[in-house]
Amino acid sequence: MPTVIATVALVFAMAGVAPAASKLINGKNIKRGTITSTQVKDGSLKRVDFAAGTLVPGPKGATGAPGAKGNDGAPGSDGQDGAPGAPGAPGAPGTDGVDGQNGQGPAYFQTFPDFAVPASGTAATFAGTTNLALAPYVLTGIGAVTAAADATVTCHFKVGVSTSPDVTVFVPGGGSTTLALTWARMIPSSVDLVCSRDSAATVKGFVVTAVQATSLTQVS
């Protein structure tokens with residue numbers, strides 16, 4: 001009998017606890033300071049579960065290694081030309097240069113018709129009708145000497161009592177030989193060509209040229 005009474009009492013006691021356990025537990029049922037990390041599931045809390053200002057940033061981490069160099073970008077388009085700049089101030093005038101040396105003077109030439117070589121004497125006169133101005137000149141004379149028989153011809157330029165060195169050529173019979181003279185001299189007016197020969201001869205296409213110079217210097 002006592003056993004039956006105890007069993008009935010236990011059934012009534014359990015019936016009274018079941019309705020109470022089925023109710024939800026809220027913050028009013030939890031005593032402050034009794035929930036610890038043991039009761040919280042790891043990784044279950046989110047940022048929104050914490051009050052503002054509760055989570056603070058940690059210290060700054062070390063700088064990471066530089067990344068790989070990126071590819072070069074495409075060249076940019078040319079910019080527009082800038083506006084022209086203002087003209088600069090004129091420079092100061094330069095100093096006058098020194099006077100240059102006198103240049104070469106006029107040149108004269110004369111072509112002679114064919115002439116016979118005299119036995120001894122003046123064969124032709126250069127500038128006989130148009131006297132040259134008093135100045136130093138470089139004279140040249142060139143032509144061809146012909147002869148029917150062998151002949152030896154000697155010629156020189158003459159100005160007053162001054163003469164150029166003799167030029168002697170041999171002309172074979174029926175042949176031709178070049179006669180060429182050169183002389184540098186102060187000439188006051190005209191120049192004579194003086195010749196001699198041992199047999200008849202003729203000078204053909206003889207041309208005399210006189211080039212006026214600022215000065216004449218003999219090179220030894």
# chains A, B, ... in the order shown; residues from 1 in each chain; ligands from 1
>>> closest_atom_pairs(of="range 99-120 of chain A", to="range 143-160 of chain A", cutoff="12 Å", atoms="only C-alpha atoms", output="tab-separated table")
residue	atom	partner	partner_atom	distance
A:Gln110	CA	A:Gly143	CA	11.9
A:Thr111	CA	A:Gly143	CA	9.7
A:Phe112	CA	A:Gly143	CA	9.5
A:Pro113	CA	A:Gly143	CA	10.7
A:Asp114	CA	A:Gly143	CA	9.5
A:Phe115	CA	A:Val145	CA	9.8
A:Ala116	CA	A:Val145	CA	9.4
A:Val117	CA	A:Val153	CA	7.9
A:Pro118	CA	A:Val153	CA	9.6
A:Ala119	CA	A:Val153	CA	9.2
A:Ser120	CA	A:Thr154	CA	9.3
>>> closest_residue(among="A:Arg185, A:Gly91, A:Gly205, A:Gln80", to="Gln218 in chain A", atoms="only C-alpha atoms")
A:Arg185
>>> closest_residue(among="A:Leu132, A:Ala180, A:Val138, A:Ile35", to="Thr168 in chain A", atoms="only C-alpha atoms")
A:Ala180
>>> select_by_dssp(residues="range 60-220 of chain A", states="strand (DSSP E)", output="ChimeraX atom specification")
/A:107-111,115-116,120-126,135-146,151-159,162-163,167-171,176-187,191-197,202-212
>>> write_last_selection(atoms="C-alpha atoms", output="PDB file, in the first residue's frame")
ATOM      1  CA  ALA A 107      91.837  89.633-115.979  1.00  0.00           C
ATOM      2  CA  TYR A 108      92.678  90.470-119.577  1.00  0.00           C
ATOM      3  CA  PHE A 109      93.252  88.217-122.575  1.00  0.00           C
ATOM      4  CA  GLN A 110      94.002  88.647-126.260  1.00  0.00           C
ATOM      5  CA  THR A 111      93.901  86.139-129.137  1.00  0.00           C
ATOM      6  CA  PHE A 115     101.874  85.373-137.381  1.00  0.00           C
ATOM      7  CA  ALA A 116     105.282  84.557-138.789  1.00  0.00           C
ATOM      8  CA  SER A 120     114.801  88.445-134.403  1.00  0.00           C
ATOM      9  CA  GLY A 121     112.450  91.063-132.976  1.00  0.00           C
ATOM     10  CA  THR A 122     108.945  91.779-131.713  1.00  0.00           C
ATOM     11  CA  ALA A 123     106.453  89.229-132.935  1.00  0.00           C
ATOM     12  CA  ALA A 124     103.320  90.596-131.198  1.00  0.00           C
ATOM     13  CA  THR A 125     102.260  93.229-128.639  1.00  0.00           C
ATOM     14  CA  PHE A 126      99.737  92.481-125.898  1.00  0.00           C
ATOM     15  CA  ALA A 135      99.616  96.761-111.302  1.00  0.00           C
ATOM     16  CA  PRO A 136     101.257  93.394-110.752  1.00  0.00           C
ATOM     17  CA  TYR A 137     100.120  90.745-113.246  1.00  0.00           C
ATOM     18  CA  VAL A 138     100.583  87.070-113.912  1.00  0.00           C
ATOM     19  CA  LEU A 139     101.121  86.652-117.667  1.00  0.00           C
ATOM     20  CA  THR A 140     100.633  83.469-119.667  1.00  0.00           C
ATOM     21  CA  GLY A 141     100.985  82.943-123.391  1.00  0.00           C
ATOM     22  CA  ILE A 142     100.305  79.720-125.285  1.00  0.00           C
ATOM     23  CA  GLY A 143     100.076  78.711-128.932  1.00  0.00           C
ATOM     24  CA  ALA A 144     101.392  76.254-131.540  1.00  0.00           C
ATOM     25  CA  VAL A 145     104.516  76.715-133.681  1.00  0.00           C
ATOM     26  CA  THR A 146     104.627  75.077-137.117  1.00  0.00           C
ATOM     27  CA  ALA A 151     113.277  75.024-136.902  1.00  0.00           C
ATOM     28  CA  THR A 152     114.318  76.221-133.461  1.00  0.00           C
ATOM     29  CA  VAL A 153     112.244  79.104-132.048  1.00  0.00           C
ATOM     30  CA  THR A 154     113.098  81.174-128.940  1.00  0.00           C
ATOM     31  CA  CYS A 155     110.649  83.679-127.372  1.00  0.00           C
ATOM     32  CA  HIS A 156     110.233  85.825-124.218  1.00  0.00           C
ATOM     33  CA  PHE A 157     108.002  88.576-122.828  1.00  0.00           C
ATOM     34  CA  LYS A 158     109.437  92.105-122.620  1.00  0.00           C
ATOM     35  CA  VAL A 159     108.277  95.097-120.555  1.00  0.00           C
ATOM     36  CA  SER A 162     112.884  93.795-118.401  1.00  0.00           C
ATOM     37  CA  THR A 163     112.438  90.421-120.035  1.00  0.00           C
ATOM     38  CA  VAL A 167     111.552  79.672-123.866  1.00  0.00           C
ATOM     39  CA  THR A 168     113.049  77.621-126.708  1.00  0.00           C
ATOM     40  CA  VAL A 169     111.162  74.955-128.683  1.00  0.00           C
ATOM     41  CA  PHE A 170     112.225  72.685-131.513  1.00  0.00           C
ATOM     42  CA  VAL A 171     109.781  72.248-134.386  1.00  0.00           C
ATOM     43  CA  SER A 176     103.901  71.361-134.666  1.00  0.00           C
ATOM     44  CA  THR A 177     105.198  72.180-131.170  1.00  0.00           C
ATOM     45  CA  THR A 178     103.482  73.984-128.300  1.00  0.00           C
ATOM     46  CA  LEU A 179     104.922  77.353-127.246  1.00  0.00           C
ATOM     47  CA  ALA A 180     104.038  78.303-123.639  1.00  0.00           C
ATOM     48  CA  LEU A 181     105.332  81.235-121.541  1.00  0.00           C
ATOM     49  CA  THR A 182     104.571  82.416-117.989  1.00  0.00           C
ATOM     50  CA  TRP A 183     105.775  85.571-116.218  1.00  0.00           C
ATOM     51  CA  ALA A 184     104.810  87.502-113.060  1.00  0.00           C
ATOM     52  CA  ARG A 185     105.610  91.172-113.352  1.00  0.00           C
ATOM     53  CA  MET A 186     104.567  94.719-112.499  1.00  0.00           C
ATOM     54  CA  ILE A 187     103.292  95.966-115.849  1.00  0.00           C
ATOM     55  CA  VAL A 191     103.820  93.639-123.108  1.00  0.00           C
ATOM     56  CA  ASP A 192     105.803  92.626-126.203  1.00  0.00           C
ATOM     57  CA  LEU A 193     106.413  89.054-127.346  1.00  0.00           C
ATOM     58  CA  VAL A 194     109.958  88.996-128.713  1.00  0.00           C
ATOM     59  CA  CYS A 195     111.106  85.944-130.740  1.00  0.00           C
ATOM     60  CA  SER A 196     113.940  84.659-132.916  1.00  0.00           C
ATOM     61  CA  ARG A 197     114.338  81.545-135.092  1.00  0.00           C
ATOM     62  CA  THR A 202     104.627  80.338-137.864  1.00  0.00           C
ATOM     63  CA  VAL A 203     102.800  80.774-134.535  1.00  0.00           C
ATOM     64  CA  LYS A 204      99.115  79.766-134.640  1.00  0.00           C
ATOM     65  CA  GLY A 205      96.269  80.318-132.132  1.00  0.00           C
ATOM     66  CA  PHE A 206      98.459  82.280-129.731  1.00  0.00           C
ATOM     67  CA  VAL A 207      96.550  83.625-126.669  1.00  0.00           C
ATOM     68  CA  VAL A 208      97.962  85.910-123.969  1.00  0.00           C
ATOM     69  CA  THR A 209      96.214  86.264-120.590  1.00  0.00           C
ATOM     70  CA  ALA A 210      97.060  88.794-117.859  1.00  0.00           C
ATOM     71  CA  VAL A 211      95.515  88.352-114.400  1.00  0.00           C
ATOM     72  CA  GLN A 212      95.911  91.297-112.064  1.00  0.00           C
TER      73      GLN A 212
END
>>> atom_distance(atom1="CA of Ala213 in chain A", atom2="CA of Pro165 in chain A")
20.5 Å
>>> atom_distance(atom1="CA of Asp49 in chain A", atom2="CA of Lys31 in chain A")
19.1 Å
